[in-house]
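Below is one structure; the comments refer to it alone.
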Amino acid sequence: MTYRIRKAAVIGSGVMGSGIAAHLANIGIPTLLLDIVPKELLQEEKAKGLTLEDSSVRNRFAANAVQKLLKQKPAPLTTKKSLNLMTIGNLEDDLEKLKDVDWIIEVVVENLAIKKNLLEKIDGVRRPGTIVSSNTSGISINAMIEGRSEDLKKHFLGTHFFNPPRYLKLLEVIPAQDTLPELITFMRQFAEERLGKGVVLAKDTPNFVGNRIGTYGLMVTLQVMKEKGYSVGEIDSVTGPLIGRPKSATLRTLDVVGLDTFVHVAKNVYDHTTGDEQKVFEVPEYLQKMVNNGWLGAKSGQGFFLKKGKDITELNLDTFKYEPVKQLKTPSIEIAKQQKGLAAKVKTLTYAQDRTGELLWSIFAPTLIYSAQLVGEIADDIVAIDNAMKWGFGWAQGPFEIWDAIGVKESVEKMQAEGYKIPAFTQALLGKGNTSFYSEIDGELAYFDGTGYKKVPFNEKVINLKRYKKKHGVLKSNAGASLIDFGDQVLLLEFHSKSNALGLDVMQILNYALDLLDDSDYKGLVIGNQGKNFSVGANLAMILMEAQDDNIFELDHIVNTFQQGTLRIKYSNKPIVTAPFAMTLGGGAEICLPSAHIQASAETYIGLVETGVGLIPGGGGNKELYIKHIKGLPKGVDIDLQAIANKVFESIAMAKVSTSGEEARENNFLDFTDGISVNPDHQLYDAKQAVLSLAEAGYKPPVREKVPVVGEPGYATLLLAAQNLLQSGFISEHDLYIAKKLAYVIAGGNVPYGTFVDEQYLLNIEREAFISLIQHPKSQARMQHMLMKGKPLRN
């Protein structure tokens, strides 16, 4: 059977259900969102004279959920336009509509009886072959479909999204006993390529993979905290970014999840386990007391932490009163910060003979042992377990990667000395003379499967640049960037400076790449990387230093080099494709705008934000964004240059940043031919394919044309808006000074309206404005503040 998902339905419009529906709509799938019919009227409904028979009342739960999508943070929608693909209804009036969809996702309350009852109703209306799945976080998949039709059993599986569905990468796919193998294969591919997920195949066991290991680790941490007398703040100060975990660390994460939700998840494992394992999942008395008090975390206003105004306090578990937040401060923390690489940091901390080492060892040892005990029971291999923790919980290292980092042999000796029972899986590893769970075969990553090493399954769309460079080497490299032969006669330029900031070192590699492209058989170039962000912009520290030293000639050279580099990108005889993702700010955006094709990530936050540091774009960004707006208009339509200038001026002056790849398209940073990769792991592959497609199609660079500008009268119009903001108190005098410079550049200087000017002329007046701003003391103060505080100064 050939499976296709053209339409979907989500049943249950709570935070999770509506979030899944939003994610489906974000990727272009029309989605029906259903919920139960309310049993009572609200006061406002009574006031309107409505009855329980009115559709607005009957669809209230789903309708309210859709409205909340517009207000939730982080935003579930990539663009408001996604709402056009969502329709609402209820389970009594609209159940028959399930006949028209290809995938039905059940996201109702975590109650087996309720789920079984709903699946019986679904079974009565769905078309044969329709995929049905449950978003349960831990209830047995097989138990849900007892008594259902054979066709439903064959087409049913668990699809456990992690919250929020738009942002968290993990999707656990849990086959039922009778699920067709070809359906599992299809759903895995669909989830990776269309939903953009990292898929872990889990077995039908309590809480599956991520929540099983994650909950165990959290419960161990809660026990250690109480038994060894660590404070709430001390726990979080160590179990966050210091060891490669999210900023929310442990207890702040529980506050965000909801302590009642966490207790429910823990109880599910407790009810399905026995002996020592069960004891770990027993809810601590203090945690149960917090839930009984209604101290549920963020949703109730207090939990392990309480925030009043700007002040955050932590709960004292002995007195049950809130106190100032404490942090664990030990010598090992300072020593670890000096170590190179996360693995070295974690090892230093874990074996430290102080309170930090005692804490981490007490958490890691039982969690690593537990993970090894469950290999084969909850998932087939260690790769699935590690991926579940990295993709679902934001760990930089999964349990077996942590074990490798601290040393398997060394840690096992310590565990044995302390009386821990070492799992057979780990004994098998050491018994064969191996010392790590991961190794390499022919330069490819391999994992221990209980008897020997196997290569991690290869997906050509998933490219790990670090491993790729290790295997294939680099053509040229310096501190800021590397040039790589990307295969198939395509080059790749990778930024790797601090924060991927752009300096002369990056421009040196860019120019080398462009020269090589001109004088070789290479078909094109991808500009992309796998850092935290694509690029936060130009090297601000370098620019400020030159300005403070009054090196105006050097500054002019730097800006001109950047401008000519972006111009070369635009007019390269061979296609250059940029692959922006996450923060793509200032100079990062200026690298992308002139490229032949932009292959953005779904989570691309792009904008020209230089006004925040007292400057304007200096690498051709003003010109390119203006031209993008003009090119985006249909042919033959009269162009309102002033309207375009106003829009570009507002975008840059207000330092607007897109909240998604789709919004970047709406803001004209991307045009209709540019691509968006929903799966970030596929972005570099997609960018490379774009280069090859353009080359195959006989790519020709754009013809250099003059640009129509609004000139002097347009400049006056732009300034009027800025002066009104000053008079209203919305901007400062220096903001107005910056706005004047920006308006002059976008207007094209002192020329008549409609004058056609050369691009180099626009670059010249942009560079002149940039240099004059960078010499201003108030702009330098803004730059200094950004470097020191990480946020804009309004002076």
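Scheme for the structure tokens: letters A, B, ... for chains in order shown; per-chain residue numbers from 1; ligand numbers from 1 in order shown.
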Test item: residues at most 12 Å from Ala513 of chain A, only C-alpha atoms, excluding those fewer than 4 positions along its chain, as a ChimeraX atom specification = /A:474-477,481-485,490-494,506-509,517-520,522,524-527,565,568-569,572,574,576
Surrounding residues of segment 749-756 of chain A excluding itself and chain neighbours under 6 positions, 12 Å, only C-alpha atoms, as an MDAnalysis selection string = chainID A and resid 639:642 645 705:717 740:743 762:766 768:769
How would the residues just picked look written out with N, CA, C and O atoms as a short mmCIF file (atom, residue, chain, number, x, y, z; two decimals), in the first residue's frame?
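Result saved to result_23.cif:
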```
data_model
loop_
_atom_site.label_atom_id
_atom_site.label_comp_id
_atom_site.auth_asym_id
_atom_site.auth_seq_id
_atom_site.Cartn_x
_atom_site.Cartn_y
_atom_site.Cartn_z
N ILE A 639 5.40 50.35 -9.68
CA ILE A 639 6.13 50.24 -8.41
C ILE A 639 6.00 51.53 -7.62
O ILE A 639 6.33 52.61 -8.12
N ASP A 640 5.49 51.42 -6.40
CA ASP A 640 5.45 52.55 -5.48
C ASP A 640 6.75 52.54 -4.70
O ASP A 640 6.87 51.91 -3.66
N LEU A 641 7.75 53.24 -5.24
CA LEU A 641 9.08 53.22 -4.61
C LEU A 641 9.05 53.73 -3.18
O LEU A 641 9.79 53.23 -2.32
N GLN A 642 8.21 54.71 -2.92
CA GLN A 642 8.17 55.26 -1.56
C GLN A 642 7.65 54.23 -0.56
O GLN A 642 8.18 54.10 0.54
N ALA A 645 10.50 51.89 0.06
CA ALA A 645 11.53 52.54 0.90
C ALA A 645 11.05 52.62 2.34
O ALA A 645 11.84 52.38 3.28
N GLU A 705 22.14 45.79 -13.05
CA GLU A 705 21.23 46.86 -13.47
C GLU A 705 21.25 48.00 -12.46
O GLU A 705 21.54 47.80 -11.28
N LYS A 706 20.90 49.18 -12.93
CA LYS A 706 20.79 50.31 -12.01
C LYS A 706 19.49 50.20 -11.22
O LYS A 706 18.53 49.55 -11.65
N VAL A 707 19.47 50.84 -10.06
CA VAL A 707 18.38 50.69 -9.10
C VAL A 707 17.61 52.01 -8.97
O VAL A 707 18.22 53.06 -8.72
N PRO A 708 16.27 51.99 -9.14
CA PRO A 708 15.50 53.23 -8.96
C PRO A 708 15.36 53.56 -7.47
O PRO A 708 15.09 52.68 -6.65
N VAL A 709 15.56 54.83 -7.12
CA VAL A 709 15.49 55.25 -5.71
C VAL A 709 14.52 56.41 -5.53
O VAL A 709 14.13 57.07 -6.49
N VAL A 710 14.16 56.66 -4.28
CA VAL A 710 13.20 57.73 -3.98
C VAL A 710 13.86 59.09 -3.86
O VAL A 710 13.19 60.13 -3.91
N GLY A 711 15.19 59.12 -3.68
CA GLY A 711 15.92 60.37 -3.69
C GLY A 711 15.54 61.36 -2.60
O GLY A 711 15.05 60.98 -1.52
N GLU A 712 15.74 62.62 -2.89
CA GLU A 712 15.58 63.69 -1.89
C GLU A 712 14.17 63.79 -1.32
O GLU A 712 14.00 63.87 -0.10
N PRO A 713 13.12 63.76 -2.17
CA PRO A 713 11.77 63.85 -1.59
C PRO A 713 11.44 62.62 -0.73
O PRO A 713 10.75 62.73 0.29
N GLY A 714 11.93 61.46 -1.13
CA GLY A 714 11.69 60.26 -0.33
C GLY A 714 12.42 60.31 0.99
O GLY A 714 11.90 59.83 2.02
N TYR A 715 13.61 60.89 0.98
CA TYR A 715 14.39 61.06 2.21
C TYR A 715 13.61 61.91 3.21
O TYR A 715 13.53 61.59 4.41
N ALA A 716 13.00 62.97 2.72
CA ALA A 716 12.21 63.85 3.59
C ALA A 716 11.02 63.10 4.19
O ALA A 716 10.69 63.28 5.38
N THR A 717 10.38 62.24 3.39
CA THR A 717 9.25 61.46 3.89
C THR A 717 9.68 60.49 4.98
O THR A 717 9.01 60.34 6.01
N LYS A 740 18.52 59.31 10.36
CA LYS A 740 18.85 60.22 9.26
C LYS A 740 19.86 59.57 8.32
O LYS A 740 19.73 59.65 7.10
N LYS A 741 20.87 58.93 8.91
CA LYS A 741 21.88 58.26 8.09
C LYS A 741 21.26 57.12 7.28
O LYS A 741 21.54 56.95 6.09
N LEU A 742 20.42 56.34 7.97
CA LEU A 742 19.78 55.21 7.31
C LEU A 742 18.86 55.68 6.19
O LEU A 742 18.87 55.12 5.08
N ALA A 743 18.06 56.72 6.48
CA ALA A 743 17.12 57.25 5.48
C ALA A 743 17.87 57.75 4.24
O ALA A 743 17.43 57.53 3.10
N LEU A 762 25.44 53.18 -4.28
CA LEU A 762 24.71 52.92 -3.03
C LEU A 762 25.63 52.36 -1.96
O LEU A 762 25.51 52.69 -0.78
N LEU A 763 26.57 51.51 -2.36
CA LEU A 763 27.53 50.97 -1.40
C LEU A 763 28.43 52.08 -0.85
O LEU A 763 28.78 52.09 0.33
N ASN A 764 28.80 53.01 -1.72
CA ASN A 764 29.67 54.11 -1.28
C ASN A 764 29.00 54.99 -0.23
O ASN A 764 29.60 55.34 0.79
N ILE A 765 27.72 55.35 -0.46
CA ILE A 765 27.06 56.21 0.53
C ILE A 765 26.73 55.42 1.80
O ILE A 765 26.71 55.99 2.90
N GLU A 766 26.51 54.11 1.65
CA GLU A 766 26.31 53.26 2.83
C GLU A 766 27.58 53.22 3.66
O GLU A 766 27.54 53.36 4.90
N GLU A 768 30.05 55.35 3.73
CA GLU A 768 30.31 56.67 4.32
C GLU A 768 29.46 56.89 5.57
O GLU A 768 29.94 57.38 6.60
N ALA A 769 28.18 56.51 5.51
CA ALA A 769 27.28 56.65 6.65
C ALA A 769 27.73 55.75 7.81
O ALA A 769 27.72 56.15 8.98
#
```
Best match for closeness to Leu24 of chain A among A:Pro181, A:Gly196, A:Pro324, A:Gly357, counting only C-alpha atoms =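 Between A:Pro181, A:Gly196, A:Pro324, A:Gly357, the residue approaching Leu24 of chain A most closely is A:Gly196.
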Would you give me, as a PyMOL selection string, the residues in segment 290-392 of chain A that DSSP reads as strand (DSSP E or B)?
-> chain A and resi 297+302+305-308+311-315+322-324+375+379
Could you write those residues out with all heavy atoms, as a short mmCIF file (atom, residue, chain, number, x, y, z; two decimals), in the first residue's frame?
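Okay, part-v2.cif is ready:
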```
data_model
loop_
_atom_site.label_atom_id
_atom_site.label_comp_id
_atom_site.auth_asym_id
_atom_site.auth_seq_id
_atom_site.Cartn_x
_atom_site.Cartn_y
_atom_site.Cartn_z
N GLY A 297 4.47 24.82 39.95
CA GLY A 297 5.48 25.36 39.04
C GLY A 297 4.98 26.59 38.33
O GLY A 297 4.18 27.37 38.87
N GLN A 302 4.26 29.30 41.38
CA GLN A 302 5.35 28.92 42.27
C GLN A 302 5.52 27.41 42.27
O GLN A 302 4.58 26.65 42.05
CB GLN A 302 5.10 29.40 43.71
CG GLN A 302 3.95 28.72 44.43
CD GLN A 302 3.67 29.31 45.80
OE1 GLN A 302 2.72 30.08 45.95
NE2 GLN A 302 4.49 28.97 46.77
N PHE A 305 10.80 27.22 42.43
CA PHE A 305 11.19 28.63 42.41
C PHE A 305 9.94 29.51 42.48
O PHE A 305 8.86 29.12 42.04
CB PHE A 305 11.96 28.95 41.12
CG PHE A 305 13.30 28.28 41.03
CD1 PHE A 305 13.44 27.07 40.37
CD2 PHE A 305 14.43 28.86 41.60
CE1 PHE A 305 14.67 26.43 40.28
CE2 PHE A 305 15.67 28.23 41.52
CZ PHE A 305 15.79 27.02 40.86
N LEU A 306 10.12 30.68 43.03
CA LEU A 306 9.04 31.68 43.11
C LEU A 306 9.60 33.00 42.60
O LEU A 306 10.65 33.47 43.06
CB LEU A 306 8.57 31.84 44.57
CG LEU A 306 7.57 32.99 44.84
CD1 LEU A 306 6.26 32.73 44.12
CD2 LEU A 306 7.34 33.14 46.34
N LYS A 307 8.90 33.58 41.64
CA LYS A 307 9.34 34.86 41.08
C LYS A 307 8.38 35.95 41.46
O LYS A 307 7.17 35.85 41.23
CB LYS A 307 9.45 34.76 39.55
CG LYS A 307 10.02 36.02 38.90
CD LYS A 307 10.18 35.84 37.39
CE LYS A 307 10.79 37.10 36.77
NZ LYS A 307 10.95 36.97 35.30
N LYS A 308 8.90 37.00 42.09
CA LYS A 308 8.12 38.19 42.41
C LYS A 308 8.83 39.39 41.81
O LYS A 308 9.91 39.76 42.24
CB LYS A 308 7.98 38.35 43.93
CG LYS A 308 7.01 37.36 44.56
CD LYS A 308 6.76 37.68 46.02
CE LYS A 308 5.70 36.74 46.62
NZ LYS A 308 5.45 37.03 48.06
N ASP A 311 12.70 39.51 41.24
CA ASP A 311 13.37 38.67 42.23
C ASP A 311 12.91 37.22 42.13
O ASP A 311 11.72 36.92 42.08
CB ASP A 311 13.09 39.19 43.64
CG ASP A 311 13.68 40.58 43.87
OD1 ASP A 311 14.76 40.85 43.30
OD2 ASP A 311 13.06 41.37 44.61
N ILE A 312 13.88 36.32 42.08
CA ILE A 312 13.60 34.87 42.05
C ILE A 312 14.14 34.26 43.33
O ILE A 312 15.29 34.49 43.71
CB ILE A 312 14.25 34.21 40.82
CG1 ILE A 312 13.70 34.81 39.52
CG2 ILE A 312 14.02 32.70 40.83
CD1 ILE A 312 14.38 34.31 38.27
N THR A 313 13.29 33.49 44.00
CA THR A 313 13.71 32.80 45.23
C THR A 313 13.52 31.30 45.05
O THR A 313 12.80 30.85 44.17
CB THR A 313 12.89 33.29 46.44
OG1 THR A 313 11.49 33.17 46.14
CG2 THR A 313 13.20 34.75 46.77
N GLU A 314 14.19 30.52 45.91
CA GLU A 314 14.11 29.07 45.84
C GLU A 314 13.46 28.52 47.10
O GLU A 314 13.53 29.12 48.18
CB GLU A 314 15.50 28.45 45.66
CG GLU A 314 16.42 28.71 46.85
CD GLU A 314 17.76 27.97 46.74
OE1 GLU A 314 18.46 28.13 45.73
OE2 GLU A 314 18.08 27.24 47.69
N LEU A 315 12.84 27.35 46.96
CA LEU A 315 12.14 26.72 48.08
C LEU A 315 13.13 25.98 48.97
O LEU A 315 13.93 25.18 48.48
CB LEU A 315 11.09 25.74 47.55
CG LEU A 315 10.22 25.04 48.61
CD1 LEU A 315 9.33 26.04 49.33
CD2 LEU A 315 9.38 23.94 47.96
N TYR A 322 10.49 30.29 51.05
CA TYR A 322 11.34 30.68 49.93
C TYR A 322 12.48 31.57 50.41
O TYR A 322 12.29 32.46 51.24
CB TYR A 322 10.52 31.38 48.84
CG TYR A 322 9.62 30.41 48.10
CD1 TYR A 322 8.31 30.16 48.52
CD2 TYR A 322 10.09 29.72 46.99
CE1 TYR A 322 7.50 29.24 47.85
CE2 TYR A 322 9.29 28.81 46.30
CZ TYR A 322 8.00 28.58 46.74
OH TYR A 322 7.20 27.68 46.09
N GLU A 323 13.68 31.32 49.86
CA GLU A 323 14.89 32.01 50.26
C GLU A 323 15.64 32.47 49.02
O GLU A 323 15.37 31.99 47.91
CB GLU A 323 15.79 31.07 51.07
CG GLU A 323 15.15 30.50 52.33
CD GLU A 323 16.02 29.44 52.98
OE1 GLU A 323 17.02 29.01 52.34
OE2 GLU A 323 15.72 29.05 54.13
N PRO A 324 16.62 33.36 49.17
CA PRO A 324 17.44 33.75 48.01
C PRO A 324 18.10 32.54 47.36
O PRO A 324 18.47 31.58 48.04
CB PRO A 324 18.51 34.68 48.64
CG PRO A 324 17.85 35.22 49.86
CD PRO A 324 16.98 34.12 50.38
N VAL A 375 18.83 -1.40 27.66
CA VAL A 375 19.13 -1.62 26.24
C VAL A 375 18.45 -2.92 25.79
O VAL A 375 18.61 -3.96 26.41
CB VAL A 375 20.65 -1.71 25.99
CG1 VAL A 375 20.92 -2.04 24.52
CG2 VAL A 375 21.33 -0.40 26.37
N ALA A 379 14.42 0.12 23.80
CA ALA A 379 14.82 0.43 22.43
C ALA A 379 15.88 -0.59 22.02
O ALA A 379 16.48 -1.25 22.87
CB ALA A 379 15.38 1.85 22.33
#
```
Interatomic distance between atom CA of Pro457 of chain A and atom CA of Phe534 of chain A?
->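 Pair atom CA of Pro457 of chain A / atom CA of Phe534 of chain A returns 27.2 Å.
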Non-local contacts of Gly431 of chain A (12 Å; only C-alpha atoms; under 4 positions in same chain excluded) as a PDB file with all heavy atoms, in the first residue's frame:
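The result, written out as out-v8.pdb:
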```pdb
ATOM      1  N   VAL A 408      34.635   4.523  30.729  1.00  0.00           N
ATOM      2  CA  VAL A 408      33.834   3.366  31.138  1.00  0.00           C
ATOM      3  C   VAL A 408      34.590   2.509  32.157  1.00  0.00           C
ATOM      4  O   VAL A 408      34.058   2.182  33.224  1.00  0.00           O
ATOM      5  CB  VAL A 408      33.433   2.504  29.912  1.00  0.00           C
ATOM      6  CG1 VAL A 408      32.570   1.332  30.365  1.00  0.00           C
ATOM      7  CG2 VAL A 408      32.687   3.341  28.882  1.00  0.00           C
ATOM      8  N   LYS A 409      35.837   2.150  31.853  1.00  0.00           N
ATOM      9  CA  LYS A 409      36.612   1.277  32.740  1.00  0.00           C
ATOM     10  C   LYS A 409      36.808   1.930  34.111  1.00  0.00           C
ATOM     11  O   LYS A 409      36.581   1.312  35.161  1.00  0.00           O
ATOM     12  CB  LYS A 409      37.955   0.967  32.093  1.00  0.00           C
ATOM     13  CG  LYS A 409      38.786  -0.093  32.803  1.00  0.00           C
ATOM     14  CD  LYS A 409      39.987  -0.483  31.946  1.00  0.00           C
ATOM     15  CE  LYS A 409      40.805  -1.599  32.596  1.00  0.00           C
ATOM     16  NZ  LYS A 409      41.471  -1.167  33.828  1.00  0.00           N
ATOM     17  N   ALA A 424      24.849  -6.426  32.517  1.00  0.00           N
ATOM     18  CA  ALA A 424      25.487  -7.398  31.624  1.00  0.00           C
ATOM     19  C   ALA A 424      25.971  -6.735  30.338  1.00  0.00           C
ATOM     20  O   ALA A 424      27.014  -7.107  29.786  1.00  0.00           O
ATOM     21  CB  ALA A 424      24.499  -8.523  31.300  1.00  0.00           C
ATOM     22  N   PHE A 425      25.203  -5.743  29.852  1.00  0.00           N
ATOM     23  CA  PHE A 425      25.576  -5.057  28.604  1.00  0.00           C
ATOM     24  C   PHE A 425      26.940  -4.385  28.751  1.00  0.00           C
ATOM     25  O   PHE A 425      27.790  -4.465  27.857  1.00  0.00           O
ATOM     26  CB  PHE A 425      24.496  -4.023  28.246  1.00  0.00           C
ATOM     27  CG  PHE A 425      24.707  -3.331  26.935  1.00  0.00           C
ATOM     28  CD1 PHE A 425      24.374  -3.954  25.740  1.00  0.00           C
ATOM     29  CD2 PHE A 425      25.256  -2.050  26.878  1.00  0.00           C
ATOM     30  CE1 PHE A 425      24.578  -3.320  24.512  1.00  0.00           C
ATOM     31  CE2 PHE A 425      25.452  -1.413  25.664  1.00  0.00           C
ATOM     32  CZ  PHE A 425      25.116  -2.049  24.479  1.00  0.00           C
ATOM     33  N   THR A 426      27.148  -3.718  29.880  1.00  0.00           N
ATOM     34  CA  THR A 426      28.422  -3.031  30.123  1.00  0.00           C
ATOM     35  C   THR A 426      29.535  -4.047  30.361  1.00  0.00           C
ATOM     36  O   THR A 426      30.670  -3.856  29.898  1.00  0.00           O
ATOM     37  CB  THR A 426      28.292  -2.089  31.325  1.00  0.00           C
ATOM     38  OG1 THR A 426      27.176  -1.216  31.112  1.00  0.00           O
ATOM     39  CG2 THR A 426      29.547  -1.260  31.521  1.00  0.00           C
ATOM     40  N   GLN A 427      29.228  -5.129  31.054  1.00  0.00           N
ATOM     41  CA  GLN A 427      30.218  -6.178  31.275  1.00  0.00           C
ATOM     42  C   GLN A 427      30.665  -6.785  29.951  1.00  0.00           C
ATOM     43  O   GLN A 427      31.852  -7.095  29.759  1.00  0.00           O
ATOM     44  CB  GLN A 427      29.633  -7.266  32.179  1.00  0.00           C
ATOM     45  CG  GLN A 427      29.427  -6.835  33.629  1.00  0.00           C
ATOM     46  CD  GLN A 427      28.878  -7.964  34.491  1.00  0.00           C
ATOM     47  OE1 GLN A 427      29.142  -9.134  34.224  1.00  0.00           O
ATOM     48  NE2 GLN A 427      28.123  -7.613  35.512  1.00  0.00           N
ATOM     49  N   THR A 435      36.787  -0.209  25.561  1.00  0.00           N
ATOM     50  CA  THR A 435      36.754   0.789  26.632  1.00  0.00           C
ATOM     51  C   THR A 435      35.771   1.925  26.358  1.00  0.00           C
ATOM     52  O   THR A 435      35.716   2.895  27.110  1.00  0.00           O
ATOM     53  CB  THR A 435      38.152   1.391  26.852  1.00  0.00           C
ATOM     54  OG1 THR A 435      38.625   1.946  25.617  1.00  0.00           O
ATOM     55  CG2 THR A 435      39.126   0.330  27.358  1.00  0.00           C
ATOM     56  N   SER A 436      35.003   1.824  25.259  1.00  0.00           N
ATOM     57  CA  SER A 436      34.017   2.872  24.977  1.00  0.00           C
ATOM     58  C   SER A 436      32.828   2.277  24.234  1.00  0.00           C
ATOM     59  O   SER A 436      32.971   1.285  23.515  1.00  0.00           O
ATOM     60  CB  SER A 436      34.633   4.003  24.144  1.00  0.00           C
ATOM     61  OG  SER A 436      35.016   3.524  22.874  1.00  0.00           O
ATOM     62  N   GLY A 450      26.355  -5.034  21.906  1.00  0.00           N
ATOM     63  CA  GLY A 450      26.288  -6.164  22.839  1.00  0.00           C
ATOM     64  C   GLY A 450      27.255  -7.263  22.489  1.00  0.00           C
ATOM     65  O   GLY A 450      27.662  -8.049  23.347  1.00  0.00           O
ATOM     66  N   THR A 451      27.637  -7.344  21.215  1.00  0.00           N
ATOM     67  CA  THR A 451      28.604  -8.360  20.780  1.00  0.00           C
ATOM     68  C   THR A 451      29.810  -7.733  20.084  1.00  0.00           C
ATOM     69  O   THR A 451      30.906  -8.273  20.118  1.00  0.00           O
ATOM     70  CB  THR A 451      27.942  -9.358  19.812  1.00  0.00           C
ATOM     71  OG1 THR A 451      27.405  -8.643  18.681  1.00  0.00           O
ATOM     72  CG2 THR A 451      26.811 -10.116  20.500  1.00  0.00           C
ATOM     73  N   GLY A 452      29.603  -6.597  19.431  1.00  0.00           N
ATOM     74  CA  GLY A 452      30.679  -5.917  18.716  1.00  0.00           C
ATOM     75  C   GLY A 452      30.200  -4.553  18.265  1.00  0.00           C
ATOM     76  O   GLY A 452      29.150  -4.064  18.705  1.00  0.00           O
TER      77      GLY A 452
END
```
With only C-alpha atoms as the atoms that count, which of A:Ala579, A:Val703, A:Gly614, A:Gly619 lies nearest to Tyr737 of chain A?
->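 Checking each of A:Ala579, A:Val703, A:Gly614, A:Gly619 against Tyr737 of chain A, counting only C-alpha atoms, the winner is A:Gly614.
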Within 10 Å of Val199 of chain A, counting only C-alpha atoms, which residues qualify if same-chain residues fewer than 4 places away don't, as a list in words?
->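 That gives Thr159, His160, Phe161, Lys169, Leu170, Leu171, Glu172, Val173, Met187, Arg188, Gln189, Phe190, Ala191, Glu192, Ala384, Asn387, Ala388 and Trp391 of chain A.
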Which one of A:Glu227, A:Met786, A:Ser601, A:Ile131 sits closest to Phe186 of chain A if you count only C-alpha atoms?
->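 Smallest distance to Phe186 of chain A is found for A:Ile131.
The shortest atom-to-atom distance to Tyr270 of chain A, with only C-alpha atoms taken into account, belongs to A:Tyr216 out of A:Tyr626, A:Tyr447, A:Tyr216, A:Tyr468.
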Length of the atom CA of Lys203 of chain A to atom CA of Ile174 of chain A vector [Å] |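 The value is 5.8 Å.
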Env of Val224 of chain A: 12 Å cut, atoms = only C-alpha atoms, seq-sep filter 4 positions within chain, self excluded. Answer as a CSV table (one decimal) with C-alpha atoms, in the first residue's frame.
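The resulting selection_9.csv:
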```csv
chain,number,residue,atom,x,y,z
A,217,GLY,CA,17.4,10.7,36.3
A,218,LEU,CA,15.1,13.4,37.7
A,219,MET,CA,13.9,11.2,40.5
A,220,VAL,CA,17.5,10.2,41.4
A,228,LYS,CA,22.8,15.0,50.8
A,229,GLY,CA,21.4,18.5,51.7
A,230,TYR,CA,21.8,20.3,48.4
A,231,SER,CA,19.6,23.4,47.9
A,232,VAL,CA,17.3,23.8,44.9
A,234,GLU,CA,22.7,24.5,44.0
A,235,ILE,CA,21.3,21.6,42.0
A,280,VAL,CA,13.3,5.1,42.6
A,284,PRO,CA,9.2,12.0,47.5
A,355,ARG,CA,30.5,18.8,46.6
A,358,GLU,CA,29.7,14.1,44.9
A,359,LEU,CA,26.5,15.5,43.4
A,360,LEU,CA,27.2,14.5,39.8
A,361,TRP,CA,28.6,11.1,40.6
A,362,SER,CA,25.6,10.4,42.7
A,363,ILE,CA,23.3,11.3,39.8
A,364,PHE,CA,25.4,9.8,36.9
A,365,ALA,CA,26.3,6.4,38.4
A,366,PRO,CA,22.7,5.1,38.9
```
Go through A:Gly407, A:Gly214, A:Gly309, A:Pro128 one by one, measure the shortest atom-to-atom distance of each to Tyr351 of chain A using only C-alpha atoms, and give the residue with the smallest value.
-> A:Gly407
Gap from atom CA of Ser535 of chain A to atom CA of Pro575 of chain A - Å, one decimal |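 Separation of atom CA of Ser535 of chain A and atom CA of Pro575 of chain A: 20.8 Å.
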May I ask which of the residues A:Gln67, A:Asn293, A:Thr367, A:Thr604 is the closest one to Asp260 of chain A, counting only C-alpha atoms?
->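 Among A:Gln67, A:Asn293, A:Thr367, A:Thr604, it is A:Asn293 that comes nearest to Asp260 of chain A.
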So which residues touch segment 261-267 of chain A within 9 Å, counting only C-alpha atoms, skipping near sequence neighbours fewer than 3 positions away, as a list of chain:residue names?
->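 Within the cut-off, the hits are A:Ser137, A:Gly138, A:Asn207, A:Asn211, A:Arg212, A:Thr215, A:Tyr216, A:Met219, A:Leu254, A:Val257, A:Gly258, A:Tyr270, A:Asp271, A:His272, A:Phe281, A:Glu282, A:Val283, A:Leu287, A:Gln288, A:Val291, A:Leu296.
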Would you list, as a ChimeraX atom specification, the residues of segment 236-387 of chain A that end up in alpha helix (DSSP H) under DSSP run on this structure's backbone?
-> /A:236-238,251-257,259-270,275-280,285-292,331-337,342-350,355-373,382-387
